[in-house]
>>> print(open('run-v1.tsv').read())   # TSV, C-alpha atoms
chain	number	residue	atom	x	y	z
A	1	MET	CA	-24.90	20.06	1.70
A	2	ALA	CA	-22.89	16.86	1.13
A	3	PRO	CA	-19.17	17.10	2.03
A	4	ASP	CA	-18.03	16.36	-1.52
A	5	SER	CA	-20.05	19.31	-2.83
A	6	HIS	CA	-17.85	21.79	-1.01
A	7	PRO	CA	-15.17	23.48	-3.07
A	8	ALA	CA	-11.73	21.95	-2.70
A	9	PRO	CA	-9.27	23.83	-0.48
A	10	ARG	CA	-7.43	26.59	-2.29
A	11	PRO	CA	-4.25	25.12	-3.84
A	12	VAL	CA	-1.01	25.99	-2.14
A	13	PRO	CA	1.86	26.96	-4.44
A	14	PRO	CA	4.34	24.09	-4.75
A	15	ALA	CA	7.55	24.29	-2.79
A	16	ALA	CA	10.60	25.64	-4.56
A	17	PRO	CA	12.40	22.72	-6.23
A	18	ARG	CA	15.55	21.47	-4.57
A	19	PRO	CA	18.79	21.74	-6.53
A	20	ALA	CA	19.20	18.70	-8.75
A	21	PRO	CA	21.85	16.20	-7.59
A	22	PRO	CA	24.80	15.48	-9.85
A	23	ALA	CA	23.71	13.60	-12.96
A	24	SER	CA	26.28	10.88	-12.22
A	25	ASP	CA	24.56	9.82	-8.98
A	26	PRO	CA	22.84	6.46	-9.51
A	27	LEU	CA	19.53	5.41	-8.05
A	28	PRO	CA	20.06	2.93	-5.17
A	29	LEU	CA	19.03	-0.15	-7.19
A	30	GLU	CA	20.56	0.88	-10.51
A	31	GLY	CA	22.01	-2.23	-12.15
A	32	ILE	CA	19.70	-4.65	-10.32
A	33	THR	CA	17.48	-6.81	-12.54
A	34	VAL	CA	14.25	-8.27	-11.19
A	35	VAL	CA	12.19	-10.92	-12.97
A	36	ALA	CA	8.66	-11.27	-11.63
A	37	VAL	CA	5.99	-13.86	-12.36
A	38	GLU	CA	3.33	-11.84	-10.64
A	39	GLN	CA	-0.34	-11.02	-10.58
A	40	ALA	CA	-2.93	-9.06	-8.60
A	41	VAL	CA	-1.42	-6.71	-5.96
A	42	SER	CA	1.06	-8.17	-3.47
A	43	ALA	CA	3.97	-9.06	-5.78
A	44	PRO	CA	3.35	-6.26	-8.31
A	45	PHE	CA	3.30	-3.61	-5.58
A	46	ALA	CA	6.53	-5.02	-4.10
A	47	THR	CA	8.35	-4.96	-7.43
A	48	ARG	CA	7.04	-1.48	-8.23
A	49	GLN	CA	8.92	-0.22	-5.18
A	50	LEU	CA	12.08	-1.80	-6.60
A	51	ALA	CA	11.45	-0.21	-10.00
A	52	ASP	CA	10.95	3.23	-8.43
A	53	LEU	CA	14.38	2.88	-6.80
A	54	GLY	CA	16.07	2.11	-10.11
A	55	ALA	CA	15.81	-1.65	-10.59
A	56	ARG	CA	14.99	-3.05	-13.99
A	57	VAL	CA	11.80	-5.09	-13.50
A	58	VAL	CA	10.73	-7.61	-16.13
A	59	LYS	CA	7.10	-8.58	-15.59
A	60	VAL	CA	6.20	-12.02	-16.95
A	61	GLU	CA	2.53	-12.29	-17.91
A	62	ARG	CA	0.26	-14.86	-19.50
A	63	PRO	CA	-0.24	-14.36	-23.25
A	64	ASP	CA	-4.03	-14.75	-22.86
A	65	GLY	CA	-4.83	-11.53	-21.03
A	66	GLY	CA	-1.80	-11.11	-18.81
A	67	ASP	CA	-1.97	-10.21	-15.15
A	68	PHE	CA	-5.65	-10.60	-14.29
A	69	ALA	CA	-5.55	-7.26	-12.45
A	70	ARG	CA	-5.51	-5.67	-15.92
A	71	ALA	CA	-9.23	-6.51	-16.10
A	72	TYR	CA	-10.37	-5.45	-12.61
A	73	ASP	CA	-11.88	-2.21	-13.91
A	74	ALA	CA	-11.36	0.44	-16.57
A	75	ALA	CA	-11.38	3.49	-14.30
A	76	ALA	CA	-7.98	4.93	-15.34
A	77	HIS	CA	-9.03	6.13	-18.78
A	78	GLY	CA	-9.66	2.57	-19.87
A	79	LEU	CA	-6.93	0.91	-17.79
A	80	ALA	CA	-7.45	-0.84	-14.46
A	81	SER	CA	-6.75	1.37	-11.46
A	82	HIS	CA	-5.03	-1.43	-9.48
A	83	PHE	CA	-2.78	-2.21	-12.43
A	84	VAL	CA	-1.81	1.40	-13.06
A	85	TRP	CA	-0.97	1.88	-9.38
A	86	ALA	CA	1.19	-1.24	-8.98
A	87	ASN	CA	2.95	-1.68	-12.33
A	88	ARG	CA	4.60	1.49	-13.52
A	89	GLY	CA	8.20	1.35	-14.62
A	90	LYS	CA	8.20	-2.31	-15.70
A	91	GLU	CA	8.87	-4.20	-18.92
A	92	SER	CA	6.14	-6.67	-19.90
A	93	ILE	CA	6.83	-9.96	-21.63
A	94	ALA	CA	3.89	-12.25	-22.42
A	95	LEU	CA	5.10	-15.82	-21.96
A	96	ASP	CA	3.41	-19.22	-21.65
A	97	LEU	CA	5.28	-20.91	-18.81
A	98	LYS	CA	3.41	-24.17	-19.25
A	99	ASP	CA	5.28	-24.63	-22.52
A	100	PRO	CA	8.89	-25.83	-22.08
A	101	ARG	CA	10.00	-23.20	-24.61
A	102	GLY	CA	8.42	-20.52	-22.44
A	103	ARG	CA	10.28	-21.77	-19.39
A	104	GLU	CA	13.48	-21.80	-21.44
A	105	VAL	CA	12.97	-18.12	-22.20
A	106	LEU	CA	12.34	-17.42	-18.52
A	107	HIS	CA	15.57	-19.15	-17.52
A	108	GLY	CA	17.37	-17.09	-20.11
A	109	LEU	CA	16.12	-14.01	-18.29
A	110	LEU	CA	17.04	-15.48	-14.90
A	111	ASP	CA	20.62	-16.10	-16.04
A	112	GLY	CA	21.22	-12.37	-15.78
A	113	ALA	CA	18.82	-11.56	-12.95
A	114	ASP	CA	19.48	-10.58	-9.35
A	115	VAL	CA	15.97	-11.10	-7.95
A	116	PHE	CA	13.04	-13.35	-8.82
A	117	VAL	CA	9.58	-12.70	-7.34
A	118	GLN	CA	6.48	-14.87	-7.68
A	119	ASN	CA	3.05	-15.00	-6.10
A	120	LEU	CA	1.45	-17.86	-8.03
A	121	ALA	CA	-1.18	-20.08	-6.45
A	122	HIS	CA	0.06	-22.63	-3.92
A	123	GLY	CA	2.10	-25.35	-5.62
A	124	ALA	CA	2.11	-23.73	-9.08
A	125	ALA	CA	5.68	-22.42	-8.89
A	126	ALA	CA	6.98	-25.80	-7.70
A	127	ARG	CA	5.23	-27.59	-10.55
A	128	LEU	CA	7.03	-25.27	-12.97
A	129	GLY	CA	10.37	-25.65	-11.19
A	130	LEU	CA	10.21	-21.99	-10.13
A	131	ASP	CA	10.00	-22.32	-6.36
A	132	SER	CA	12.69	-20.47	-4.44
A	133	ALA	CA	14.54	-23.61	-3.33
A	134	ALA	CA	14.93	-24.90	-6.91
A	135	LEU	CA	15.96	-21.53	-8.30
A	136	CYS	CA	18.49	-20.77	-5.57
A	137	ALA	CA	20.10	-24.17	-6.13
A	138	ARG	CA	20.43	-23.39	-9.84
A	139	TYR	CA	21.41	-19.71	-9.47
A	140	PRO	CA	23.45	-19.26	-6.26
A	141	ARG	CA	23.49	-15.44	-6.46
A	142	LEU	CA	19.78	-15.15	-7.12
A	143	ILE	CA	17.42	-13.79	-4.46
A	144	ALA	CA	14.18	-15.73	-4.91
A	145	VAL	CA	11.03	-14.39	-3.28
A	146	ASP	CA	7.92	-16.47	-2.66
A	147	ILE	CA	4.81	-14.49	-1.68
A	148	SER	CA	1.90	-16.63	-0.56
A	149	GLY	CA	-1.36	-16.32	1.29
A	150	TYR	CA	-0.62	-18.52	4.28
A	151	GLY	CA	2.94	-19.79	3.87
A	152	PRO	CA	4.41	-22.90	2.21
A	153	GLU	CA	3.25	-25.42	4.80
A	154	GLY	CA	0.58	-25.92	7.46
A	155	PRO	CA	-3.14	-26.67	7.24
A	156	TYR	CA	-3.94	-23.40	5.45
A	157	ALA	CA	-1.14	-23.52	2.87
A	158	HIS	CA	-3.42	-24.76	0.11
A	159	LYS	CA	-6.24	-22.24	0.67
A	160	ARG	CA	-7.01	-19.49	-1.79
A	161	ALA	CA	-5.92	-16.22	-0.27
A	162	TYR	CA	-7.62	-13.10	-1.53
A	163	ASP	CA	-7.12	-9.90	0.41
A	164	MET	CA	-10.56	-9.81	2.06
A	165	LEU	CA	-10.26	-13.45	3.15
A	166	VAL	CA	-6.89	-12.83	4.79
A	167	GLN	CA	-8.19	-9.68	6.49
A	168	CYS	CA	-10.86	-11.91	8.03
A	169	GLU	CA	-8.47	-14.69	9.04
A	170	ALA	CA	-6.05	-12.18	10.56
A	171	GLY	CA	-8.76	-10.63	12.73
A	172	LEU	CA	-8.49	-7.20	11.13
A	173	VAL	CA	-12.16	-7.19	10.19
A	174	SER	CA	-13.13	-8.06	13.76
A	175	VAL	CA	-11.65	-4.80	15.07
A	176	THR	CA	-12.71	-2.57	12.15
A	177	GLY	CA	-16.16	-1.05	11.85
A	178	THR	CA	-18.92	-0.11	14.24
A	179	PRO	CA	-20.11	-1.98	17.34
A	180	GLU	CA	-22.93	-3.41	15.22
A	181	GLN	CA	-21.07	-4.18	11.99
A	182	PRO	CA	-17.53	-5.42	11.27
A	183	VAL	CA	-16.11	-4.19	7.96
A	184	LYS	CA	-13.01	-4.89	5.90
A	185	ALA	CA	-10.46	-2.17	5.32
A	186	GLY	CA	-11.20	-0.06	2.25
A	187	ILE	CA	-7.76	-0.78	0.80
A	188	PRO	CA	-6.12	-4.19	0.18
A	189	ALA	CA	-4.33	-4.17	3.52
A	190	ALA	CA	-3.15	-7.79	3.44
A	191	ASP	CA	-1.74	-7.41	-0.07
A	192	ILE	CA	0.02	-4.16	0.82
A	193	ALA	CA	1.45	-5.59	4.04
A	194	ALA	CA	2.89	-8.59	2.21
A	195	ALA	CA	4.22	-6.36	-0.57
A	196	MET	CA	6.11	-4.09	1.79
A	197	TYR	CA	7.68	-6.99	3.70
A	198	ALA	CA	8.71	-8.58	0.38
A	199	PHE	CA	10.23	-5.25	-0.67
A	200	SER	CA	12.19	-4.86	2.56
A	201	GLY	CA	13.15	-8.56	2.43
A	202	VAL	CA	14.70	-8.06	-1.00
A	203	LEU	CA	16.68	-5.05	0.24
A	204	ALA	CA	17.95	-7.05	3.22
A	205	ALA	CA	18.89	-10.00	0.98
A	206	LEU	CA	20.75	-7.71	-1.40
A	207	LEU	CA	22.77	-6.34	1.53
A	208	ARG	CA	23.51	-9.89	2.68
A	209	ARG	CA	24.60	-10.88	-0.81
A	210	GLY	CA	26.93	-7.91	-0.89
A	211	THR	CA	28.67	-9.38	2.15
A	212	THR	CA	28.52	-13.11	1.44
A	213	GLY	CA	28.22	-13.25	-2.35
A	214	ARG	CA	25.24	-15.56	-2.02
A	215	GLY	CA	21.61	-14.91	-2.82
A	216	GLY	CA	18.95	-16.90	-1.04
A	217	ARG	CA	15.29	-17.36	-0.37
A	218	VAL	CA	12.82	-14.81	0.94
A	219	GLU	CA	9.41	-16.01	2.13
A	220	VAL	CA	6.49	-13.71	2.92
A	221	SER	CA	2.89	-14.67	3.60
A	222	MET	CA	-0.07	-12.32	3.64
A	223	LEU	CA	-1.30	-13.79	6.93
A	224	ASP	CA	2.09	-13.38	8.63
A	225	ALA	CA	2.37	-9.80	7.41
A	226	LEU	CA	-1.11	-8.76	8.52
A	227	ALA	CA	-0.82	-10.64	11.83
A	228	GLU	CA	2.24	-8.48	12.55
A	229	TRP	CA	0.22	-5.35	11.76
A	230	MET	CA	-2.40	-6.56	14.25
A	231	GLY	CA	0.20	-6.11	17.00
A	232	HIS	CA	-1.76	-3.77	19.28
A	233	PRO	CA	-5.12	-5.60	19.35
A	234	LEU	CA	-3.30	-8.95	19.36
A	235	HIS	CA	-1.16	-8.13	22.41
A	236	HIS	CA	-4.07	-6.41	24.11
A	237	THR	CA	-6.18	-9.54	23.73
A	238	MET	CA	-3.46	-12.05	24.61
A	239	HIS	CA	-2.38	-10.26	27.77
A	240	ASP	CA	-5.61	-8.65	28.93
A	241	GLY	CA	-7.98	-11.40	27.84
A	242	ARG	CA	-10.37	-8.96	26.17
A	243	GLN	CA	-10.47	-7.97	22.50
A	244	PRO	CA	-10.66	-4.22	21.80
A	245	VAL	CA	-14.17	-3.28	20.80
A	246	ARG	CA	-15.08	-1.83	17.42
A	247	THR	CA	-15.76	1.87	17.79
A	248	GLY	CA	-16.09	3.22	14.26
A	249	LEU	CA	-14.12	6.45	14.12
A	250	ALA	CA	-14.02	6.69	17.89
A	251	HIS	CA	-11.24	5.32	20.10
A	252	ALA	CA	-11.84	2.46	22.50
A	253	VAL	CA	-10.06	4.08	25.46
A	254	ILE	CA	-9.83	7.82	24.64
A	255	ALA	CA	-12.59	10.45	24.62
A	256	PRO	CA	-13.35	12.71	22.91
A	257	TYR	CA	-11.90	11.04	19.82
A	258	ASP	CA	-14.32	10.97	16.88
A	259	ALA	CA	-15.61	12.81	13.82
A	260	TYR	CA	-18.26	15.44	14.47
A	261	PRO	CA	-20.60	17.13	11.94
A	262	THR	CA	-20.12	20.84	11.27
A	263	ALA	CA	-22.62	23.46	10.17
A	264	ASP	CA	-21.68	23.18	6.48
A	265	GLY	CA	-22.28	19.42	6.31
A	266	ASP	CA	-18.63	18.47	6.65
A	267	ARG	CA	-17.14	16.36	9.44
A	268	VAL	CA	-14.11	17.20	11.58
A	269	LEU	CA	-12.22	14.63	13.60
A	270	LEU	CA	-10.52	15.64	16.83
A	271	SER	CA	-8.48	13.78	19.40
A	272	VAL	CA	-7.90	14.79	23.00
A	273	GLN	CA	-4.93	12.84	24.32
A	274	ASN	CA	-4.74	14.09	27.90
A	275	ASP	CA	-6.56	16.15	30.49
A	276	ARG	CA	-4.56	19.31	29.77
A	277	GLU	CA	-5.84	19.20	26.22
A	278	TRP	CA	-9.39	18.70	27.51
A	279	ARG	CA	-9.06	21.89	29.53
A	280	ARG	CA	-7.96	23.82	26.45
A	281	LEU	CA	-10.78	22.30	24.40
A	282	ALA	CA	-13.38	23.18	27.03
A	283	GLU	CA	-12.16	26.74	27.46
A	284	ARG	CA	-11.21	27.75	23.92
A	285	VAL	CA	-13.35	25.66	21.56
A	286	LEU	CA	-16.42	24.51	23.46
A	287	GLU	CA	-16.53	27.79	25.38
A	288	ARG	CA	-17.59	25.80	28.44
A	289	PRO	CA	-14.71	26.46	30.90
A	290	GLU	CA	-16.67	24.88	33.78
A	291	LEU	CA	-16.25	21.48	32.12
A	292	ALA	CA	-12.49	21.60	32.65
A	293	ASP	CA	-12.90	20.75	36.35
A	294	ASP	CA	-16.25	19.00	36.26
A	295	PRO	CA	-15.67	15.48	37.72
A	296	ALA	CA	-17.82	14.00	34.92
A	297	TYR	CA	-15.38	15.33	32.28
A	298	ALA	CA	-12.09	16.31	33.92
A	299	THR	CA	-10.31	12.97	33.42
A	300	ASN	CA	-10.05	10.71	30.40
A	301	ALA	CA	-11.43	7.82	32.45
A	302	ALA	CA	-14.54	9.87	33.31
A	303	ARG	CA	-14.96	11.11	29.72
A	304	THR	CA	-14.67	7.58	28.35
A	305	LEU	CA	-17.12	6.21	30.91
A	306	GLY	CA	-19.56	8.96	29.97
A	307	ARG	CA	-18.69	8.90	26.27
A	308	GLU	CA	-22.24	9.74	25.10
A	309	ALA	CA	-22.39	12.89	27.21
A	310	THR	CA	-18.83	13.87	26.19
A	311	ASP	CA	-19.58	13.42	22.51
A	312	ALA	CA	-22.85	15.34	22.84
A	313	VAL	CA	-21.08	18.36	24.32
A	314	VAL	CA	-18.43	18.38	21.60
A	315	ALA	CA	-20.93	17.73	18.81
A	316	LYS	CA	-23.15	20.63	19.91
A	317	ALA	CA	-20.24	23.08	19.84
A	318	LEU	CA	-18.90	21.98	16.45
A	319	ALA	CA	-22.36	21.90	14.87
A	320	ALA	CA	-22.48	25.69	15.23
A	321	LEU	CA	-19.25	26.16	13.24
A	322	ASP	CA	-18.34	25.51	9.63
A	323	ALA	CA	-15.48	23.08	9.07
A	324	GLN	CA	-12.82	25.70	8.41
A	325	GLU	CA	-13.78	27.67	11.53
A	326	ALA	CA	-13.79	24.49	13.62
A	327	ILE	CA	-10.35	23.49	12.33
A	328	GLY	CA	-9.05	26.99	13.03
A	329	ARG	CA	-10.28	27.00	16.63
A	330	LEU	CA	-9.00	23.51	17.32
A	331	GLU	CA	-5.57	24.27	15.90
A	332	ALA	CA	-5.37	27.53	17.82
A	333	ALA	CA	-6.10	25.58	21.00
A	334	GLY	CA	-3.44	22.97	20.16
A	335	ILE	CA	-5.96	20.15	19.65
A	336	ALA	CA	-5.14	17.46	17.06
A	337	CYS	CA	-7.74	17.55	14.30
A	338	ALA	CA	-8.42	16.66	10.69
A	339	ARG	CA	-11.10	16.85	8.04
A	340	LEU	CA	-12.88	13.61	7.20
A	341	ASN	CA	-11.78	13.81	3.57
A	342	SER	CA	-13.11	11.94	0.57
A	343	VAL	CA	-10.75	10.29	-1.91
A	344	ALA	CA	-11.45	13.16	-4.30
A	345	ARG	CA	-10.21	15.60	-1.67
A	346	LEU	CA	-7.08	13.52	-1.18
A	347	ALA	CA	-6.39	13.91	-4.90
A	348	GLY	CA	-6.54	17.69	-4.44
A	349	HIS	CA	-4.91	17.80	-0.98
A	350	PRO	CA	-3.08	21.10	-0.46
A	351	GLN	CA	-0.24	19.43	1.44
A	352	LEU	CA	0.52	17.09	-1.46
A	353	ALA	CA	0.40	20.04	-3.84
A	354	ALA	CA	2.63	22.22	-1.65
A	355	ARG	CA	5.25	19.47	-1.44
A	356	ASP	CA	5.11	18.84	-5.20
A	357	ARG	CA	4.20	15.16	-4.73
A	358	TRP	CA	2.47	14.62	-8.09
A	359	ARG	CA	4.07	13.49	-11.33
A	360	GLU	CA	2.84	12.11	-14.64
A	361	VAL	CA	3.72	8.64	-15.89
A	362	GLY	CA	3.25	7.27	-19.38
A	363	SER	CA	0.77	4.54	-20.25
A	364	PRO	CA	-0.87	2.97	-23.29
A	365	VAL	CA	-3.66	5.56	-22.93
A	366	GLY	CA	-1.42	8.59	-22.39
A	367	PRO	CA	-0.08	10.40	-19.32
A	368	LEU	CA	-1.58	9.54	-15.92
A	369	ARG	CA	-1.15	11.29	-12.57
A	370	ALA	CA	0.84	9.36	-9.98
A	371	LEU	CA	2.22	10.12	-6.55
A	372	LEU	CA	5.92	10.08	-5.85
A	373	PRO	CA	6.89	7.05	-3.74
A	374	PRO	CA	6.88	7.72	0.02
A	375	ILE	CA	10.59	6.93	0.40
A	376	GLY	CA	12.38	10.21	-0.13
A	377	LEU	CA	16.10	10.36	-0.96
A	378	PRO	CA	16.61	14.13	-1.25
A	379	ASP	CA	20.36	13.87	-1.80
A	380	GLY	CA	20.04	11.53	-4.78
A	381	PRO	CA	18.33	11.51	-8.14
A	382	PRO	CA	14.53	11.40	-8.30
A	383	PRO	CA	12.77	8.03	-8.37
A	384	ARG	CA	12.35	6.37	-11.71
A	385	MET	CA	8.63	6.58	-12.37
A	386	GLY	CA	8.45	4.76	-15.68
A	387	ALA	CA	5.47	4.06	-17.87
A	388	VAL	CA	2.73	1.51	-17.24
A	389	PRO	CA	3.38	-1.23	-19.83
A	390	ALA	CA	0.97	-2.71	-22.34
A	391	LEU	CA	0.72	-6.49	-22.28
A	392	GLY	CA	3.76	-7.91	-24.05
A	393	GLU	CA	5.05	-4.45	-24.95
A	394	HIS	CA	8.66	-5.53	-24.43
A	395	THR	CA	8.44	-9.16	-25.53
A	396	GLU	CA	10.35	-8.74	-28.79
A	397	ALA	CA	13.07	-6.54	-27.30
A	398	LEU	CA	13.63	-8.98	-24.45
A	399	LEU	CA	13.78	-11.98	-26.79
A	400	ARG	CA	16.26	-10.19	-29.03
A	401	GLY	CA	18.28	-9.38	-25.92
A	402	LEU	CA	18.56	-13.13	-25.36
A	403	GLY	CA	20.01	-13.50	-28.85
A	404	MET	CA	16.94	-14.95	-30.57
A	405	THR	CA	16.60	-14.70	-34.33
A	406	ASP	CA	13.60	-13.38	-36.24
A	407	VAL	CA	12.74	-16.91	-37.32
A	408	ARG	CA	12.69	-18.25	-33.77
A	409	ILE	CA	10.69	-15.32	-32.45
A	410	ALA	CA	8.15	-15.75	-35.23
A	411	ALA	CA	7.82	-19.46	-34.39
A	412	LEU	CA	7.21	-18.71	-30.72
A	413	ARG	CA	4.55	-16.18	-31.63
A	414	ARG	CA	2.92	-18.56	-34.09
A	415	ASP	CA	2.67	-21.27	-31.44
A	416	GLY	CA	1.32	-18.90	-28.77
A	417	VAL	CA	4.35	-19.30	-26.51
A	418	VAL	CA	4.89	-15.54	-26.51
A	419	ALA	CA	2.74	-12.56	-27.35
>>> encode(input="run-v1.tsv", output="structure tokens")
Amino acid sequence: MAPDSHPAPRPVPPAAPRPAPPASDPLPLEGITVVAVEQAVSAPFATRQLADLGARVVKVERPDGGDFARAYDAAAHGLASHFVWANRGKESIALDLKDPRGREVLHGLLDGADVFVQNLAHGAAARLGLDSAALCARYPRLIAVDISGYGPEGPYAHKRAYDMLVQCEAGLVSVTGTPEQPVKAGIPAADIAAAMYAFSGVLAALLRRGTTGRGGRVEVSMLDALAEWMGHPLHHTMHDGRQPVRTGLAHAVIAPYDAYPTADGDRVLLSVQNDREWRRLAERVLERPELADDPAYATNAARTLGREATDAVVAKALAALDAQEAIGRLEAAGIACARLNSVARLAGHPQLAARDRWREVGSPVGPLRALLPPIGLPDGPPPRMGAVPALGEHTEALLRGLGMTDVRIAALRRDGVVA
């Protein structure tokens, strides 16, 4: 039976809600305005974190289709799954920045903004006068964030930088996969890494501005961010002279550490971190107590050297158990373990349900499920999980907020400067 055909774990009742904080407590970024000329994942995911924490985020999109991530797929009831994930809680204005009148509108928004974020192609922001150096000179309190693939200078600065390409350049693909086949990560790791460093860079710059009164530039590149995440294999290779080998779900220097099939067609991953744990595994799960002191298995070095034999012994024992029984025995023996879950099982994960991690957010197609952001602030108000905007949904309101008349707005629409 295929793993996904098994019934989902029985839901756990959600935890009792915590008492609500006083209504007067603000979210941490309440009163902060962010203007973002953004597309794809890295910048949108960074600014979504700011929106969740209370910032007002104005998303500037092209009138002819908007952020191209809107068209990646239609999996979220007709909306693109990437876009739904990275763009809740924002206001969308559709604006042609190649037209001087469009740039005039943008500068009207920047006059009252605290943060500007852009991840346009190399050189595009500078051609529009929207690079961080130009903007910080014009708006001294503004924090201007440039997110790029490879940084603003150097031989790779001009290269197109899609997530998979940067995963390859950063060496992530070389350490991910099986001995026979390198594979990219199944999530946009380079985009996410850059997004989270941009997010934390904005928070740091806001703290600095609170002390100095000055904004300033923040630069993040996808390659720099992912190279930092490659810290363990990078330092291992630089100092040892040998790159860690690809081992699939196994571990290069620990055994047993892998996913093993169970009798019901599921797979259970276990990790033995030391020789004491091996003894408990041998005695209480494998029911082979003689292996605890067998020189071929008693030490991690011996188990790793004889990985095939080690894995065979573990696989044989777990193949006689269903997944739930295997998990129960492993946990009773104090052995770290997990199910090899599908994405569908993540969506129904009992731990997420028990901790009440799911909410609904609005969208042009109705309510959609969304996870609470990982940053928890239990003593403050809940995160602001606003709706996913339609393209140009807030254009008119934002233009009116800049004091524009009906006649001027109509002229901009007629000429395709806004939508």
>>> closest_residue(input="run-v1.tsv", among="A:Asp356, A:Glu228, A:Asp293, A:Asp322", to="Tyr260 of chain A", atoms="all atoms listed in the file")
A:Asp322
>>> closest_residue(input="run-v1.tsv", among="A:Met222, A:Val272, A:Val183, A:Ala354", to="Gly248 of chain A", atoms="all atoms listed in the file")
A:Val183
>>> residues_around(input="run-v1.tsv", residues="segment 166-172 of chain A", least_positions_apart="6", cutoff="9 Å", atoms="all atoms listed in the file", output="list of chain:residue names")
A:Gly149, A:Tyr150, A:Val183, A:Lys184, A:Ala185, A:Pro188, A:Ala189, A:Ala190, A:Asp191, A:Met222, A:Leu223, A:Asp224, A:Leu226, A:Ala227, A:Trp229, A:Met230, A:Leu234
>>> atom_distance(input="run-v1.tsv", atom1="atom CA of Leu110 of chain A", atom2="atom CA of Ala71 of chain A")
27.8 Å
>>> axis_aligned_box(input="run-v1.tsv", around="segment 334-350 of chain A", padding_each_side="8 Å", output="lines of an AutoDock Vina configuration file")
center_x = -8.1
center_y = 16.6
center_z = 7.6
size_x = 26.0
size_y = 28.7
size_z = 41.1
>>> residues_around(input="run-v1.tsv", residues="segment 300-313 of chain A", least_positions_apart="2", cutoff="12 Å", atoms="only C-alpha atoms", output="PDB file with C-alpha atoms, in the coordinates of the input")
ATOM      1  CA  THR A 247     -15.760   1.870  17.790  1.00  0.00           C
ATOM      2  CA  ALA A 250     -14.020   6.690  17.890  1.00  0.00           C
ATOM      3  CA  HIS A 251     -11.240   5.320  20.100  1.00  0.00           C
ATOM      4  CA  ALA A 252     -11.840   2.460  22.500  1.00  0.00           C
ATOM      5  CA  VAL A 253     -10.060   4.080  25.460  1.00  0.00           C
ATOM      6  CA  ILE A 254      -9.830   7.820  24.640  1.00  0.00           C
ATOM      7  CA  ALA A 255     -12.590  10.450  24.620  1.00  0.00           C
ATOM      8  CA  PRO A 256     -13.350  12.710  22.910  1.00  0.00           C
ATOM      9  CA  TYR A 257     -11.900  11.040  19.820  1.00  0.00           C
ATOM     10  CA  ASP A 258     -14.320  10.970  16.880  1.00  0.00           C
ATOM     11  CA  ALA A 259     -15.610  12.810  13.820  1.00  0.00           C
ATOM     12  CA  TYR A 260     -18.260  15.440  14.470  1.00  0.00           C
ATOM     13  CA  PRO A 261     -20.600  17.130  11.940  1.00  0.00           C
ATOM     14  CA  LEU A 269     -12.220  14.630  13.600  1.00  0.00           C
ATOM     15  CA  LEU A 270     -10.520  15.640  16.830  1.00  0.00           C
ATOM     16  CA  SER A 271      -8.480  13.780  19.400  1.00  0.00           C
ATOM     17  CA  VAL A 272      -7.900  14.790  23.000  1.00  0.00           C
ATOM     18  CA  GLN A 273      -4.930  12.840  24.320  1.00  0.00           C
ATOM     19  CA  ASN A 274      -4.740  14.090  27.900  1.00  0.00           C
ATOM     20  CA  ASP A 275      -6.560  16.150  30.490  1.00  0.00           C
ATOM     21  CA  ARG A 276      -4.560  19.310  29.770  1.00  0.00           C
ATOM     22  CA  GLU A 277      -5.840  19.200  26.220  1.00  0.00           C
ATOM     23  CA  TRP A 278      -9.390  18.700  27.510  1.00  0.00           C
ATOM     24  CA  ARG A 279      -9.060  21.890  29.530  1.00  0.00           C
ATOM     25  CA  LEU A 281     -10.780  22.300  24.400  1.00  0.00           C
ATOM     26  CA  ALA A 282     -13.380  23.180  27.030  1.00  0.00           C
ATOM     27  CA  VAL A 285     -13.350  25.660  21.560  1.00  0.00           C
ATOM     28  CA  LEU A 286     -16.420  24.510  23.460  1.00  0.00           C
ATOM     29  CA  GLU A 287     -16.530  27.790  25.380  1.00  0.00           C
ATOM     30  CA  ARG A 288     -17.590  25.800  28.440  1.00  0.00           C
ATOM     31  CA  LEU A 291     -16.250  21.480  32.120  1.00  0.00           C
ATOM     32  CA  ALA A 292     -12.490  21.600  32.650  1.00  0.00           C
ATOM     33  CA  ASP A 293     -12.900  20.750  36.350  1.00  0.00           C
ATOM     34  CA  ASP A 294     -16.250  19.000  36.260  1.00  0.00           C
ATOM     35  CA  PRO A 295     -15.670  15.480  37.720  1.00  0.00           C
ATOM     36  CA  ALA A 296     -17.820  14.000  34.920  1.00  0.00           C
ATOM     37  CA  TYR A 297     -15.380  15.330  32.280  1.00  0.00           C
ATOM     38  CA  ALA A 298     -12.090  16.310  33.920  1.00  0.00           C
ATOM     39  CA  ALA A 315     -20.930  17.730  18.810  1.00  0.00           C
ATOM     40  CA  LYS A 316     -23.150  20.630  19.910  1.00  0.00           C
ATOM     41  CA  ALA A 317     -20.240  23.080  19.840  1.00  0.00           C
ATOM     42  CA  LEU A 318     -18.900  21.980  16.450  1.00  0.00           C
ATOM     43  CA  ALA A 319     -22.360  21.900  14.870  1.00  0.00           C
ATOM     44  CA  ALA A 320     -22.480  25.690  15.230  1.00  0.00           C
TER      45      ALA A 320
END
>>> closest_residue(input="run-v1.tsv", among="A:Ala387, A:Ala344, A:Val245, A:Leu120", to="Arg48 of chain A", atoms="all atoms listed in the file")
A:Ala387
>>> atom_distance(input="run-v1.tsv", atom1="atom CA of Leu371 of chain A", atom2="atom CA of Leu352 of chain A")
8.8 Å
>>> atom_distance(input="run-v1.tsv", atom1="atom CA of Gly65 of chain A", atom2="atom CA of Leu109 of chain A")
21.3 Å
>>> closest_residue(input="run-v1.tsv", among="A:Gly401, A:Gly151, A:Pro383, A:Pro179", to="Gly54 of chain A", atoms="only C-alpha atoms")
A:Pro383
